[in-house]
Amino acid sequence: MNSLNVSTAVTQNVRAPTLLLSLIVPFYNEEEAISAFFTSVIPILNQVAALDYEIVCINDGSTDATLDRLKEAAANNSRILIVDLSRNFGKEAALTAGLDHAKGAAIIPFDADLQDPPETIPLLIQKWQEGFDVVIAKRVERRSDTYLKRSSASLFYRVHNAISQIQIPENVGDFRLMSRPVVEALKQLPENHRFMKGLFAWVGFKTCTVEYSRQPRSAGKTKFSGWKLWNFAIEGITSFSTLPLRVWTYIGSVVALAAFFYAAFLIVRTLLHGVDVPGYASITTIVLFLGGIQLIGIGAVGEYVGRIYSETKRRPIYIVRTLYQSLSQSN
Ligand code: UDP
Ligand code: MG
């Protein structure tokens with residue numbers, strides 16, 4: 001039964017003649033994490049006897065010795081491929097580069113810092129062999145992330161899922177297994193602003209979930225500061241919802257209605273009690289409040305216009321400086 005499902009995936013895609021598993025790993029200044037990464041991942045991949053593997057390493061414009069460390073690793077293992085990008089394009093672009101270069105029948109994006117335990121990989125493969133196209137790895141325990149990160153992430157998912165038609169499962173990162181048809185579907189999505197978690201959810205397919213507990217980083221520091229995370233959240237919301245644009249019609253209507261009733265009240269009061277000159281404080285407050293509301297509205301429109309502008313330029317998502325393949329003849 002397993003081989004039946006797998007062969008269907010393969011025959012649909014002539015690109016994968018043998019059963020190959022591709023691990024896609026973005027590296028941005030991860031020199032300290034590299035040796036631990038290969039030492040723990042390779043034995044596990046070797047254990048998955050039914051599959052051959054390749055590790056597609058994307059060097060996302062690292063400024064430290066990451067590329068040299070990767071080349072050393074590739075010199076000892078012909079299954080390691082290095083896609084060296086011309087600068088830092090960000091994790092989403094690096095993952096896109098990985099998807100474009102991976103040849104596997106099953107593909108797993110994986111972080112270089114071992115926060116996602118490699119022991120989960122065989123579980124993902126097992127579910128894929130049972131016939132699922134997408135096997136999501138869900139974090140059931142993420143005490144290794146700070147309280148602030150966990151609570152802001154949870155707020156993001158709630159807001160995003162409330163206002164978008166595409167639902168992103170909570171506590172799920174990029175770590176998942178995708179079959180070749182899913183990756184081909186992802187490659188058809190033309191946008192330059194690539195919020196991968198949302199795109200993964202958008203393509204759909206037969207999905208199941210396995211659970212794992214998120215580990216602390218093996219070495220080095222997180223590459224996502226608070227400001228980067230905030231922008232990432234805005235990216236996610238603007239990619240999958242137009243509510244922040246449309247909501248201004250309703251806010252405007254409510255404010256206009258309130259102004260209408262207030263005007264009616266003032267007319268009646270003036271008729272009954274005559275003109276009341278004082279009112280400086282209330283006028284200032286109202287004017288400032290409305291000015292603020294209008295600026296927020298313009299800001300929301302600006303977020304989308306900015307994105308339309310950069311999408312219309314149709315620049316490539318990433319540029320490859322060098323592709324290092326078969327640095328080693330051994331395996
Ligand atoms: N990463 C990348 N480009 C970037 C930022 C991060 O390729 O601009 C990689 C990084 O090397 C790591 C993965 O993305 O392999 C996840 O990054 P990190 O562990 O810093 O994120 P966190 O786990 O803290 O969310
Ligand atoms: Mg990490």
# chains A, B, ... in the order shown; residues from 1 in each chain; ligands from 1

$ residues_near_ligand --ligand "ligand 2" --cutoff "12 Å" --atoms "only C-alpha atoms and all ligand atoms" --output "ChimeraX atom specification"
/A:25-28,30,33,91,110-117,142,144-145,173-175,214-225

$ select_by_dssp --residues "stretch 29-260 of chain A" --states "alpha helix (DSSP H)" --output "PyMOL selection string"
chain A and resi 34-47+66-76+91-101+121-129+147-163+180-187+196-203+226-240+243-260

$ residues_around --residues "stretch 125-136 of chain A" --least-positions-apart "3" --cutoff "6 Å" --atoms "only C-alpha atoms" --output "JSON, numbers by chain"
{"A": [2, 5, 122, 176, 177, 178, 179, 206, 207, 208, 209]}

$ closest_residue --among "A:Phe232, A:Arg69, A:Ile166, A:Ala185" --to "A:Ala201" --atoms "only C-alpha atoms"
A:Ile166

$ closest_atom_pairs --of "stretch 179-269 of chain A" --to "stretch 151-159 of chain A" --cutoff "10 Å" --atoms "only C-alpha atoms" --output "tab-separated table"
residue	atom	partner	partner_atom	distance
A:Gly226	CA	A:Ser152	CA	9.8
A:Leu229	CA	A:Ala153	CA	9.1
A:Trp230	CA	A:Ser152	CA	9.2
A:Ala233	CA	A:Phe156	CA	6.7
A:Ile234	CA	A:Phe156	CA	9.3
A:Gly236	CA	A:Phe156	CA	9.1
A:Ile237	CA	A:Val159	CA	8.4

$ closest_residue --among "A:Ser164, A:Ser78, A:Gln325, A:Asn88" --to "ligand 1" --atoms "only C-alpha atoms and all ligand atoms"
A:Asn88

$ closest_residue --among "A:Arg314, A:Arg269, A:Lys149, A:Arg143" --to "ligand 1" --atoms "only C-alpha atoms and all ligand atoms"
A:Lys149

$ atom_distance --atom1 "atom CA of A:Val301" --atom2 "atom CA of A:Gly252"
14.2 Å

$ atom_distance --atom1 "atom CA of A:Tyr212" --atom2 "atom CA of A:Ile82"
27.9 Å

$ closest_residue --among "A:Leu19, A:Ala73, A:Ala256, A:Ala94" --to "A:Glu31" --atoms "only C-alpha atoms"
A:Ala73

$ residues_around --residues "A:Ser239" --least-positions-apart "5" --cutoff "8 Å" --atoms "only C-alpha atoms" --output "list in words"
His193, Phe195 and Gly198 of chain A
